[in-house]
Amino acid sequence: MQILLVDDETELTTPLSRVLTAEGYQVDVANNGVQGEELAQDNGYNLLILDWLMPEKSGLELCQNLRSRGDKTPVLFLTAKDTVDDRVQGLDVGADDYIVKPFELREFLARVRALLRRSAEENIVTSSLKLYDLELDINNQIAYRRGRAIELSQRETKLLSYLMQYPEQVLTHQQIYQHLWGEESPPSSNVLAALVRLLRRKLEAPGETSLIHTVYGKGYRFMEET
């Protein structure tokens, strides 16, 4: 997942960039609105994090310009403005969410995850995902790899599609449990590990690279071995 962080306060962008990178995101940083708009136009980001007030061009102007061109990339505002009128103004120009400075990192990361998750769900239009040498037909619950058709269960399909939506990013056990079982009673702790193990067996024929990787103590990551 690629994130653009636009803020003129380097004492804020430096630690935030470091934290986001540690979470598995690819982060670009711009220190003013003009540079931020150029990067946003030239790169396909999954999320824009914009400061409200910046030199040369404000985050408000930047967001408004992108929306006027049909850019639907999710926008999270970082702002010291916390009145109702300010919030309404930000939402009216097309922002998806905002967080008031100063803020807790836990809340910031939770909002980032929520916006990325919502965006990924909205972008699954064709019910088909393709990444590396794997293609997933979600509706028919079939994966294709190097000419092989791989039949999957409903739960396997849901797990694989979730992992493929967030390539190279660690998805925690809790996130995966919530996605797969939602409000249902959570299964025993080894059910997820067994499901992943079975899915790996189906996807990885002899000589093929691993795609689902265990991040011990945290969760799983979908990526191609290099």
# chains A, B, ... in the order shown; residues from 1 in each chain; ligands from 1
$ select_by_dssp --residues "region 14-222 of chain A" --states "alpha helix (DSSP H)" --output "number ranges by chain"
A: 14-22, 33-42, 59-68, 84-92, 105-123, 154-165, 173-181, 190-203
$ residues_around --residues "region 27-41 of chain A" --least-positions-apart "4" --cutoff "10 Å" --atoms "only C-alpha atoms" --output "PyMOL selection string"
chain A and resi 1-10+13-14+16-21+45+47-63+65-66+69+71+73
$ closest_residue --among "A:Arg200, A:Lys101, A:Lys158, A:Arg145" --to "Ile212 (chain A)" --atoms "only C-alpha atoms"
A:Arg200
$ select_by_dssp --residues "region 13-215 of chain A" --states "strand (DSSP E or B)" --output "JSON, numbers by chain"
{"A": [26, 27, 28, 29, 30, 47, 48, 49, 50, 51, 75, 76, 77, 78, 79, 97, 98, 99, 100, 128, 129, 130, 131, 134, 135, 136, 137, 142, 143, 144, 145, 148, 149, 150, 151, 170, 171, 172, 212, 213, 214, 215]}
$ closest_residue --among "A:Ile142, A:Ser127, A:Lys81, A:Ile150" --to "Pro102 (chain A)" --atoms "only C-alpha atoms"
A:Lys81
$ closest_atom_pairs --of "region 85-118 of chain A" --to "region 160-165 of chain A" --cutoff "12 Å" --atoms "only C-alpha atoms" --output "tab-separated table"
residue	atom	partner	partner_atom	distance
A:Leu116	CA	A:Gln165	CA	9.7
A:Arg117	CA	A:Gln165	CA	8.7
A:Arg118	CA	A:Gln165	CA	11.1
$ write_last_selection --atoms "N, CA and C atoms" --output "PDB file, in the first residue's frame"
ATOM      1  N   LEU A 116      -7.941   2.612   4.258  1.00  0.00           N
ATOM      2  CA  LEU A 116      -7.377   1.694   3.265  1.00  0.00           C
ATOM      3  C   LEU A 116      -8.288   0.480   3.075  1.00  0.00           C
ATOM      4  N   ARG A 117      -8.837  -0.010   4.171  1.00  0.00           N
ATOM      5  CA  ARG A 117      -9.737  -1.165   4.083  1.00  0.00           C
ATOM      6  C   ARG A 117     -10.993  -0.810   3.294  1.00  0.00           C
ATOM      7  N   ARG A 118     -11.570   0.345   3.594  1.00  0.00           N
ATOM      8  CA  ARG A 118     -12.777   0.783   2.896  1.00  0.00           C
ATOM      9  C   ARG A 118     -12.500   0.972   1.411  1.00  0.00           C
TER      10      ARG A 118
END
$ closest_residue --among "A:Leu211, A:Trp181, A:Val75, A:Leu12" --to "Phe103 (chain A)" --atoms "only C-alpha atoms"
A:Leu12
$ residues_around --residues "Val100 (chain A)" --least-positions-apart "5" --cutoff "8 Å" --atoms "only C-alpha atoms" --output "list of chain:residue names"
A:Leu78, A:Thr79, A:Ala80, A:Lys81, A:Asp82
$ write_last_selection --atoms "C-alpha atoms" --output "PDB file, in the first residue's frame"
ATOM      1  CA  LEU A  78      -4.262  16.348   9.773  1.00  0.00           C
ATOM      2  CA  THR A  79      -5.495  19.601  11.286  1.00  0.00           C
ATOM      3  CA  ALA A  80      -5.464  21.854  14.320  1.00  0.00           C
ATOM      4  CA  LYS A  81      -8.918  23.080  13.275  1.00  0.00           C
ATOM      5  CA  ASP A  82     -11.579  21.362  15.332  1.00  0.00           C
TER       6      ASP A  82
END
$ residues_around --residues "Ile176 (chain A)" --least-positions-apart "2" --cutoff "10 Å" --atoms "only C-alpha atoms" --output "ChimeraX atom specification"
/A:158-159,162-163,171-174,178-182,192,219-220
$ atom_distance --atom1 "CA of Gln154 (chain A)" --atom2 "CA of Glu204 (chain A)"
18.8 Å
$ atom_distance --atom1 "CA of Gln169 (chain A)" --atom2 "CA of Arg221 (chain A)"
5.6 Å
$ closest_residue --among "A:Gly24, A:Gly70, A:Gly94, A:Gly147" --to "Val215 (chain A)" --atoms "only C-alpha atoms"
A:Gly24
$ atom_distance --atom1 "CA of Asp96 (chain A)" --atom2 "CA of Gln64 (chain A)"
12.1 Å
